[in-house]
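Below is input.tsv, holding TSV, C-alpha atoms.
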chain	number	residue	atom	x	y	z
A	1	MET	CA	136.46	93.81	43.18
A	2	THR	CA	136.73	90.28	44.53
A	3	THR	CA	140.50	90.71	44.82
A	4	GLU	CA	141.91	87.47	46.13
A	5	LEU	CA	143.49	88.10	49.49
A	6	THR	CA	146.29	85.87	50.71
A	7	PRO	CA	147.04	84.70	54.26
A	8	ALA	CA	147.14	87.73	56.55
A	9	GLN	CA	149.43	88.36	59.48
A	10	ASP	CA	146.61	89.40	61.79
A	11	LEU	CA	144.74	86.11	61.26
A	12	PRO	CA	145.40	82.78	62.99
A	13	PRO	CA	148.08	80.68	61.24
A	14	GLY	CA	146.73	78.43	58.50
A	15	THR	CA	143.69	80.58	57.76
A	16	ALA	CA	143.17	82.47	54.51
A	17	LEU	CA	141.08	85.56	53.89
A	18	ARG	CA	139.17	86.47	50.73
A	19	HIS	CA	135.96	88.18	49.64
A	20	PRO	CA	132.95	85.83	49.47
A	21	THR	CA	131.24	84.84	46.24
A	22	GLU	CA	127.70	83.79	45.45
A	23	ALA	CA	128.83	80.14	45.48
A	24	ASP	CA	129.56	80.47	49.23
A	25	HIS	CA	125.91	81.15	50.09
A	26	ALA	CA	124.92	77.55	50.92
A	27	ARG	CA	127.81	77.25	53.39
A	28	LEU	CA	126.91	80.62	54.91
A	29	GLN	CA	123.37	79.34	55.50
A	30	VAL	CA	124.74	76.26	57.28
A	31	ALA	CA	126.84	78.50	59.53
A	32	LEU	CA	123.81	80.69	60.33
A	33	THR	CA	121.99	77.51	61.39
A	34	GLU	CA	124.77	75.90	63.42
A	35	TRP	CA	127.04	78.55	64.94
A	36	TRP	CA	124.65	80.41	67.26
A	37	GLY	CA	124.11	77.53	69.71
A	38	GLY	CA	120.39	77.46	68.97
A	39	LEU	CA	119.84	81.05	70.16
A	40	GLY	CA	116.14	81.82	69.78
A	41	GLY	CA	115.27	78.20	68.91
A	42	GLU	CA	114.06	77.17	65.45
A	43	VAL	CA	112.53	80.61	64.85
A	44	GLY	CA	115.81	82.34	65.71
A	45	SER	CA	117.66	80.06	63.30
A	46	MET	CA	115.19	80.77	60.48
A	47	GLN	CA	115.39	84.49	61.16
A	48	ARG	CA	119.19	84.43	60.86
A	49	ARG	CA	118.99	82.56	57.55
A	50	LEU	CA	116.36	84.94	56.12
A	51	MET	CA	118.41	87.98	57.11
A	52	VAL	CA	121.27	87.05	54.77
A	53	PRO	CA	119.77	86.27	51.36
A	54	ARG	CA	122.10	85.59	48.45
A	55	LEU	CA	121.96	89.24	47.32
A	56	PHE	CA	124.51	90.22	49.99
A	57	LEU	CA	127.13	87.91	48.44
A	58	GLN	CA	126.25	89.10	44.93
A	59	HIS	CA	126.13	92.84	45.47
A	60	PHE	CA	128.17	93.59	48.62
A	61	ALA	CA	131.00	91.06	48.23
A	62	ASP	CA	133.74	93.66	47.93
A	63	THR	CA	133.22	94.95	51.49
A	64	SER	CA	132.60	91.48	52.95
A	65	PHE	CA	135.13	88.94	54.17
A	66	TRP	CA	135.37	85.16	54.27
A	67	VAL	CA	137.94	83.16	56.24
A	68	GLU	CA	138.70	79.50	55.61
A	69	ASP	CA	140.95	76.96	57.20
A	70	ALA	CA	143.75	75.19	55.30
A	71	ASP	CA	141.22	72.43	54.47
A	72	GLY	CA	138.78	75.00	53.05
A	73	SER	CA	136.24	74.88	55.89
A	74	LEU	CA	134.57	78.15	56.86
A	75	GLN	CA	135.97	79.75	60.02
A	76	ALA	CA	134.46	83.24	60.02
A	77	PHE	CA	132.66	85.76	57.85
A	78	LEU	CA	131.71	89.43	57.87
A	79	ILE	CA	128.97	90.82	55.62
A	80	GLY	CA	129.12	94.61	55.33
A	81	PHE	CA	128.49	97.43	52.90
A	82	LEU	CA	128.97	101.14	52.27
A	83	SER	CA	125.75	103.05	52.90
A	84	GLN	CA	124.49	104.25	49.54
A	85	THR	CA	122.33	106.99	51.12
A	86	ASP	CA	124.66	108.26	53.85
A	87	PRO	CA	128.17	108.91	52.48
A	88	ARG	CA	129.73	108.97	55.97
A	89	THR	CA	128.48	105.55	57.05
A	90	ALA	CA	129.39	101.91	56.55
A	91	TYR	CA	127.19	99.13	57.87
A	92	ILE	CA	128.06	95.68	59.24
A	93	HIS	CA	125.08	93.43	58.57
A	94	TYR	CA	126.22	90.06	59.88
A	95	VAL	CA	129.32	88.55	61.47
A	96	GLY	CA	129.93	84.95	62.45
A	97	VAL	CA	132.88	83.10	63.94
A	98	HIS	CA	133.04	79.29	64.14
A	99	PRO	CA	132.42	78.24	67.78
A	100	GLU	CA	135.85	76.56	67.97
A	101	ARG	CA	137.53	79.79	66.78
A	102	ARG	CA	136.00	82.11	69.37
A	103	ARG	CA	138.45	84.23	71.40
A	104	SER	CA	141.12	83.64	68.75
A	105	GLY	CA	141.11	87.28	67.61
A	106	LEU	CA	139.54	86.28	64.31
A	107	GLY	CA	136.36	88.34	64.76
A	108	SER	CA	138.31	91.43	65.81
A	109	ALA	CA	140.65	91.03	62.85
A	110	LEU	CA	137.66	91.06	60.48
A	111	TYR	CA	136.15	94.15	62.11
A	112	HIS	CA	139.47	96.00	61.83
A	113	ARG	CA	139.87	94.95	58.18
A	114	PHE	CA	136.40	96.31	57.51
A	115	PHE	CA	137.13	99.57	59.36
A	116	ALA	CA	140.31	100.09	57.30
A	117	LEU	CA	138.62	99.24	54.01
A	118	VAL	CA	135.66	101.58	54.49
A	119	GLN	CA	137.95	104.37	55.65
A	120	GLU	CA	139.65	104.10	52.26
A	121	HIS	CA	136.18	104.80	50.85
A	122	GLY	CA	135.86	107.94	53.00
A	123	ARG	CA	133.59	106.50	55.67
A	124	ASP	CA	134.08	107.69	59.27
A	125	ARG	CA	131.24	105.91	61.03
A	126	VAL	CA	130.20	102.25	61.30
A	127	ARG	CA	126.77	101.07	62.37
A	128	CYS	CA	125.44	97.63	63.26
A	129	LEU	CA	122.86	96.02	65.55
A	130	THR	CA	122.01	92.84	67.42
A	131	GLY	CA	119.08	91.24	69.23
A	132	PRO	CA	118.56	92.13	72.90
A	133	ASN	CA	118.88	88.45	73.86
A	134	ASN	CA	122.37	88.20	72.35
A	135	LEU	CA	124.32	89.30	75.41
A	136	ASN	CA	127.64	88.02	74.05
A	137	SER	CA	127.24	90.19	70.97
A	138	ILE	CA	126.32	93.28	73.02
A	139	ALA	CA	129.40	92.88	75.24
A	140	TYR	CA	131.60	92.18	72.21
A	141	HIS	CA	130.57	95.35	70.37
A	142	GLN	CA	131.21	97.46	73.45
A	143	ARG	CA	134.72	95.97	73.73
A	144	MET	CA	135.22	96.76	70.03
A	145	GLY	CA	134.59	100.45	70.69
A	146	PHE	CA	130.94	100.70	69.63
A	147	ARG	CA	128.53	102.90	71.58
A	148	VAL	CA	125.04	101.54	72.32
A	149	GLU	CA	122.45	103.97	71.01
A	150	PRO	CA	119.55	105.08	73.23
A	151	GLY	CA	116.49	102.82	73.41
A	152	GLU	CA	112.88	103.24	74.47
A	153	ARG	CA	113.35	100.81	77.35
A	154	THR	CA	116.19	99.13	79.25
A	155	GLU	CA	116.63	95.35	79.62
A	156	ASP	CA	119.42	94.07	81.88
A	157	GLY	CA	121.00	97.53	81.68
A	158	VAL	CA	120.90	97.57	77.86
A	159	PRO	CA	118.87	100.17	75.90
A	160	VAL	CA	116.46	98.31	73.61
A	161	GLN	CA	114.57	99.69	70.60
A	162	PRO	CA	111.28	97.77	70.46
A	163	ASP	CA	109.95	96.57	67.07
A	164	TYR	CA	112.96	98.21	65.39
A	165	ASP	CA	113.04	95.76	62.47
A	166	GLY	CA	109.32	94.94	62.56
A	167	PRO	CA	106.70	93.60	64.98
A	168	GLY	CA	108.47	91.63	67.72
A	169	LEU	CA	111.92	92.29	66.23
A	170	ASP	CA	113.50	94.36	69.01
A	171	ARG	CA	117.07	95.52	68.43
A	172	VAL	CA	120.08	97.01	70.22
A	173	THR	CA	121.88	99.36	67.83
A	174	PHE	CA	125.54	100.37	67.83
A	175	VAL	CA	127.63	103.13	66.28
A	176	ARG	CA	131.42	103.57	66.20
A	177	ASP	CA	133.37	106.52	64.91
A	178	LEU	CA	136.48	105.69	62.92
B	1	MET	CA	119.69	112.85	48.49
B	2	THR	CA	116.15	112.22	49.67
B	3	THR	CA	115.08	114.92	47.26
B	4	GLU	CA	111.38	115.48	47.79
B	5	LEU	CA	109.58	114.51	44.63
B	6	THR	CA	106.28	116.16	43.84
B	7	PRO	CA	103.19	114.65	42.15
B	8	ALA	CA	104.28	113.00	38.93
B	9	GLN	CA	102.44	112.90	35.64
B	10	ASP	CA	102.88	109.15	35.22
B	11	LEU	CA	101.23	108.41	38.58
B	12	PRO	CA	97.49	108.22	39.31
B	13	PRO	CA	95.97	111.63	40.15
B	14	GLY	CA	96.13	112.54	43.83
B	15	THR	CA	99.18	110.39	44.58
B	16	ALA	CA	102.58	111.78	45.53
B	17	LEU	CA	105.99	110.20	45.11
B	18	ARG	CA	109.03	110.58	47.37
B	19	HIS	CA	111.95	108.55	48.66
B	20	PRO	CA	111.19	106.58	51.85
B	21	THR	CA	112.72	107.37	55.23
B	22	GLU	CA	113.46	105.23	58.25
B	23	ALA	CA	110.25	106.50	59.87
B	24	ASP	CA	108.25	104.72	57.16
B	25	HIS	CA	109.46	101.28	58.23
B	26	ALA	CA	106.53	100.41	60.53
B	27	ARG	CA	104.05	101.15	57.75
B	28	LEU	CA	106.12	99.13	55.30
B	29	GLN	CA	105.93	96.15	57.67
B	30	VAL	CA	102.13	96.47	57.82
B	31	ALA	CA	101.98	96.46	54.01
B	32	LEU	CA	104.20	93.35	53.85
B	33	THR	CA	101.74	91.65	56.20
B	34	GLU	CA	98.50	92.74	54.56
B	35	TRP	CA	99.02	93.26	50.82
B	36	TRP	CA	99.96	89.75	49.65
B	37	GLY	CA	96.57	88.13	50.32
B	38	GLY	CA	98.08	85.72	52.82
B	39	LEU	CA	100.41	84.15	50.21
B	40	GLY	CA	102.39	81.41	51.96
B	41	GLY	CA	100.34	81.70	55.18
B	42	GLU	CA	101.79	83.02	58.44
B	43	VAL	CA	105.28	81.81	57.48
B	44	GLY	CA	105.10	83.63	54.14
B	45	SER	CA	104.06	86.82	55.90
B	46	MET	CA	106.92	86.57	58.40
B	47	GLN	CA	109.40	85.86	55.60
B	48	ARG	CA	108.29	89.00	53.74
B	49	ARG	CA	108.71	91.12	56.88
B	50	LEU	CA	112.16	89.69	57.65
B	51	MET	CA	113.34	90.31	54.10
B	52	VAL	CA	112.99	94.09	54.44
B	53	PRO	CA	114.71	95.13	57.66
B	54	ARG	CA	115.03	98.82	58.47
B	55	LEU	CA	118.51	98.99	56.93
B	56	PHE	CA	117.00	99.21	53.43
B	57	LEU	CA	115.22	102.47	54.31
B	58	GLN	CA	118.32	103.81	56.04
B	59	HIS	CA	120.98	102.95	53.48
B	60	PHE	CA	119.20	102.51	50.13
B	61	ALA	CA	116.54	105.24	50.38
B	62	ASP	CA	117.86	107.26	47.45
B	63	THR	CA	117.09	104.50	44.92
B	64	SER	CA	113.80	103.51	46.58
B	65	PHE	CA	110.36	105.02	46.07
B	66	TRP	CA	107.28	105.57	48.23
B	67	VAL	CA	103.85	106.58	46.95
B	68	GLU	CA	101.12	107.98	49.17
B	69	ASP	CA	97.55	109.02	48.61
B	70	ALA	CA	96.31	112.57	49.28
B	71	ASP	CA	95.42	111.45	52.83
B	72	GLY	CA	98.96	110.14	53.38
B	73	SER	CA	98.15	106.42	53.23
B	74	LEU	CA	100.70	104.14	51.55
B	75	GLN	CA	99.77	103.09	48.00
B	76	ALA	CA	102.97	101.53	46.66
B	77	PHE	CA	106.68	101.18	47.30
B	78	LEU	CA	109.82	100.00	45.53
B	79	ILE	CA	113.00	99.11	47.45
B	80	GLY	CA	116.05	98.97	45.19
B	81	PHE	CA	119.77	99.67	45.15
B	82	LEU	CA	122.83	100.00	42.96
B	83	SER	CA	124.99	96.88	43.15
B	84	GLN	CA	128.16	97.85	45.00
B	85	THR	CA	130.12	94.91	43.58
B	86	ASP	CA	128.88	94.86	39.97
B	87	PRO	CA	129.00	98.37	38.44
B	88	ARG	CA	126.65	97.40	35.58
B	89	THR	CA	123.82	96.15	37.77
B	90	ALA	CA	120.97	97.59	39.82
B	91	TYR	CA	118.79	95.39	41.98
B	92	ILE	CA	115.10	95.61	42.88
B	93	HIS	CA	114.67	93.97	46.26
B	94	TYR	CA	110.96	94.43	47.00
B	95	VAL	CA	107.95	96.03	45.33
B	96	GLY	CA	104.41	96.30	46.68
B	97	VAL	CA	101.23	97.89	45.38
B	98	HIS	CA	98.12	98.32	47.54
B	99	PRO	CA	95.53	95.70	46.46
B	100	GLU	CA	93.03	98.45	45.53
B	101	ARG	CA	95.64	100.14	43.31
B	102	ARG	CA	96.52	97.05	41.25
B	103	ARG	CA	96.28	97.46	37.45
B	104	SER	CA	96.43	101.24	37.85
B	105	GLY	CA	99.87	101.52	36.24
B	106	LEU	CA	101.39	102.46	39.58
B	107	GLY	CA	103.74	99.48	39.77
B	108	SER	CA	104.96	99.99	36.21
B	109	ALA	CA	105.50	103.68	36.88
B	110	LEU	CA	107.78	102.82	39.81
B	111	TYR	CA	109.77	100.28	37.80
B	112	HIS	CA	110.29	102.83	35.01
B	113	ARG	CA	111.34	105.52	37.52
B	114	PHE	CA	113.86	103.08	38.93
B	115	PHE	CA	115.16	102.13	35.47
B	116	ALA	CA	115.66	105.82	34.58
B	117	LEU	CA	117.34	106.63	37.89
B	118	VAL	CA	119.82	103.77	37.79
B	119	GLN	CA	120.64	104.50	34.14
B	120	GLU	CA	121.74	107.96	35.32
B	121	HIS	CA	124.16	106.05	37.57
B	122	GLY	CA	125.52	104.12	34.57
B	123	ARG	CA	123.67	100.85	35.18
B	124	ASP	CA	122.48	98.89	32.15
B	125	ARG	CA	121.04	95.78	33.80
B	126	VAL	CA	118.40	95.24	36.47
B	127	ARG	CA	117.98	92.04	38.47
B	128	CYS	CA	115.25	90.85	40.81
B	129	LEU	CA	113.57	87.63	41.92
B	130	THR	CA	110.38	86.18	43.31
B	131	GLY	CA	109.08	82.95	44.86
B	132	PRO	CA	107.93	80.17	42.50
B	133	ASN	CA	104.44	80.25	44.06
B	134	ASN	CA	103.96	83.93	43.18
B	135	LEU	CA	102.53	83.41	39.69
B	136	ASN	CA	101.22	87.00	39.47
B	137	SER	CA	104.70	88.35	40.08
B	138	ILE	CA	106.27	86.00	37.50
B	139	ALA	CA	103.78	87.07	34.81
B	140	TYR	CA	104.18	90.73	35.78
B	141	HIS	CA	107.97	90.71	35.41
B	142	GLN	CA	107.72	89.05	32.01
B	143	ARG	CA	105.29	91.79	30.87
B	144	MET	CA	107.77	94.36	32.21
B	145	GLY	CA	110.48	93.03	29.89
B	146	PHE	CA	112.41	90.83	32.31
B	147	ARG	CA	113.82	87.49	31.16
B	148	VAL	CA	113.48	84.49	33.48
B	149	GLU	CA	116.90	83.01	34.13
B	150	PRO	CA	117.48	79.26	33.75
B	151	GLY	CA	116.62	77.02	36.71
B	152	GLU	CA	117.50	73.50	37.81
B	153	ARG	CA	113.91	72.38	37.42
B	154	THR	CA	110.67	73.62	35.85
B	155	GLU	CA	107.39	74.14	37.74
B	156	ASP	CA	104.27	75.06	35.74
B	157	GLY	CA	106.58	76.01	32.87
B	158	VAL	CA	108.70	78.31	35.06
B	159	PRO	CA	112.42	77.64	35.65
B	160	VAL	CA	113.02	77.40	39.42
B	161	GLN	CA	116.32	77.63	41.28
B	162	PRO	CA	115.96	75.37	44.34
B	163	ASP	CA	117.30	76.59	47.72
B	164	TYR	CA	118.52	79.77	46.03
B	165	ASP	CA	118.18	81.93	49.16
B	166	GLY	CA	118.69	79.08	51.63
B	167	PRO	CA	117.17	75.70	52.52
B	168	GLY	CA	113.58	75.61	51.22
B	169	LEU	CA	113.81	79.13	49.78
B	170	ASP	CA	113.39	78.40	46.08
B	171	ARG	CA	113.46	81.40	43.74
B	172	VAL	CA	112.69	82.45	40.17
B	173	THR	CA	115.24	85.06	39.09
B	174	PHE	CA	114.87	87.79	36.47
B	175	VAL	CA	117.16	90.05	34.52
B	176	ARG	CA	116.35	92.98	32.24
B	177	ASP	CA	118.72	94.96	30.07
B	178	LEU	CA	118.17	98.71	30.04
Once you've parsed the file, please lay out its structure as structure tokens.
Amino acid sequence: MTTELTPAQDLPPGTALRHPTEADHARLQVALTEWWGGLGGEVGSMQRRLMVPRLFLQHFADTSFWVEDADGSLQAFLIGFLSQTDPRTAYIHYVGVHPERRRSGLGSALYHRFFALVQEHGRDRVRCLTGPNNLNSIAYHQRMGFRVEPGERTEDGVPVQPDYDGPGLDRVTFVRDL
Amino acid sequence: MTTELTPAQDLPPGTALRHPTEADHARLQVALTEWWGGLGGEVGSMQRRLMVPRLFLQHFADTSFWVEDADGSLQAFLIGFLSQTDPRTAYIHYVGVHPERRRSGLGSALYHRFFALVQEHGRDRVRCLTGPNNLNSIAYHQRMGFRVEPGERTEDGVPVQPDYDGPGLDRVTFVRDL
């Protein structure tokens, strides 16, 4: 648990990877506010913050990742866990990459770290989801080998599951075999 | 997993206990909207709904409980999990009891079921939290044997941890040894 991880070859030079701790939560909340380019306005920003309460850094730290620059500033994170109910499945709850680090391979490196880690725990399937308005995320997951699961309706060619996470919280869900 | 549980002696007559499934999520969202007496207004209601996305019923069903009446209507629920990072700890994320079932012993019965279940998994400590404005919940957890953890400031005699779950999301946190 919370093994310190040292600079990794598949990450951009000067960055360091570790598991997050509870003390990182305030900086995570700032990233959730600032990194999405205002997607969904003030409500979207509040929804992102509420979706990652501190419990994820307390209780799912060992399958989550945190990348900092040489000066200690946050560059990317991945919050994921092993499904407790379904022994085949691991779940990626939230991923963020600093806007200035996009297209650097950093996000993909974190996904592949997570895939390898959960495979060590016997998982052969990864699930995650996004909002139907997050077209960048939908395209990204398809490039990363995720299948889009069927939806009740189609928006811009994407199958959408209406009210998936509650009233008005439509989702696009993804699954990838490992 | 998702063992069907039959009517239990410690529950009110006519109620039945089981683990929740993903298909219960829409009804859970209705309960989160209607059972808190409008605590925190429309924002409070939305915060409650956002705090229990579908993933909890998908991936933590086997340590969560769902109680229905003879006619199948929801009477109470408890959403909890085993900490993946801390092998001593189990966490209760959300508990609700139908307003007409309050003071029936139903809530306590669910807490004690959860305590017994997580002890079978080797856990000897349970954590949970609530908002500082939820005075009923604070008093209830103290009656249930939880200690209030220290806070940075005190409100109405209760230690509060400011911005615990993000900006403006103050919390009162509890711990109970099993």
How close does each residue of chain B get to chain A, giving the shortest atom pair and distance in Å to one decimal for every residue with an atom at most 10 Å away, counting all atoms listed in the file, sorted by chain and residue number, as CSV?
residue,atom,partner,partner_atom,distance
B:Met1,CA,A:Thr85,CA,6.9
B:Thr2,CA,A:Thr85,CA,8.2
B:His25,CA,A:Gly166,CA,7.7
B:Ala26,CA,A:Gly166,CA,6.5
B:Arg27,CA,A:Gly166,CA,9.5
B:Leu28,CA,A:Gly166,CA,9.0
B:Gln29,CA,A:Gly166,CA,6.1
B:Val30,CA,A:Gly166,CA,8.7
B:Met46,CA,A:Gln47,CA,9.1
B:Gln47,CA,A:Leu50,CA,7.0
B:Arg48,CA,A:Leu50,CA,9.3
B:Arg49,CA,A:Gly166,CA,6.9
B:Leu50,CA,A:Met51,CA,6.5
B:Met51,CA,A:Met51,CA,6.3
B:Val52,CA,A:Asp165,CA,8.2
B:Pro53,CA,A:Asp165,CA,5.1
B:Arg54,CA,A:Asp165,CA,5.4
B:Leu55,CA,A:Asp165,CA,8.4
B:Phe56,CA,A:Ser83,CA,9.6
B:Leu57,CA,A:Thr85,CA,9.0
B:Gln58,CA,A:Thr85,CA,7.1
B:His59,CA,A:Ser83,CA,4.8
B:Phe60,CA,A:Thr85,CA,5.6
B:Ala61,CA,A:Thr85,CA,6.1
B:Asp62,CA,A:Thr85,CA,5.8
B:Thr63,CA,A:Thr85,CA,8.5
B:Phe81,CA,A:Gln84,CA,7.9
B:Leu82,CA,A:Gln84,CA,8.0
B:Ser83,CA,A:His59,CA,4.8
B:Gln84,CA,A:His59,CA,5.4
B:Thr85,CA,A:His59,CA,4.9
B:Asp86,CA,A:His59,CA,6.5
B:Pro87,CA,A:His59,CA,9.4
B:Thr89,CA,A:His59,CA,8.7
B:Ala90,CA,A:His59,CA,9.0
B:Tyr91,CA,A:His59,CA,8.5
B:His93,CA,A:Leu55,CA,8.8
B:Cys128,CA,A:Leu55,CA,9.5
B:Asp163,CA,A:Ala26,CA,8.3
B:Tyr164,CA,A:Arg54,CA,7.2
B:Asp165,CA,A:Pro53,CA,5.1
B:Gly166,CA,A:Gln29,CA,6.1
B:Pro167,CA,A:Gln29,CA,7.8
B:Leu169,CA,A:Leu50,CA,9.0
Original post:
Need the neighbours of (139.0, 87.7, 62.7): which residues are at most 10 Å away, counting only C-alpha atoms, as a PyMOL selection string?
Top reply: chain A and resi 10-12+15+17+65-67+75-78+95-97+101-113
Original post:
Residues around (133.2, 109.9, 58.2), cut-off 8 Å, counting only C-alpha atoms - what are they as an MDAnalysis selection string?
Top reply: chainID A and resid 87:89 119 122:125 177:178
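You can rank A:Ser73, A:Thr21, A:Thr173, A:Ser64 by their closest distance to Arg147 of chain A using only C-alpha atoms, and at the top of that list sits A:Thr173.
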**OP:** Calculate how many Å separate atom CA of Trp35 of chain B from atom CA of Pro132 of chain B, rounding to one decimal.
**Re:** 17.9 Å
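With atom CA of Val175 of chain A on one side and atom CA of Gly38 of chain A on the other, the separation reads 26.8 Å.
Atom CA of Val172 of chain B to atom CA of Gly151 of chain B spans 7.5 Å [interatomic distance, one decimal].
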Extending 8 Å beyond the listed atoms of segment 72-86 of chain B on each side, what axis-aligned box results? I want centre and edge lengths in Å to one decimal, as JSON.
{"center_x": 114.1, "center_y": 102.5, "center_z": 46.7, "size_x": 48.0, "size_y": 31.3, "size_z": 29.4}
Original post:
What lies within 10 Å of segment 133-137 of chain A using all atoms listed in the file, ignoring chain neighbours under 6 positions off, as a PyMOL selection string?
Top reply: chain A and resi 36+39-40+95+143+155-156+158+170-172
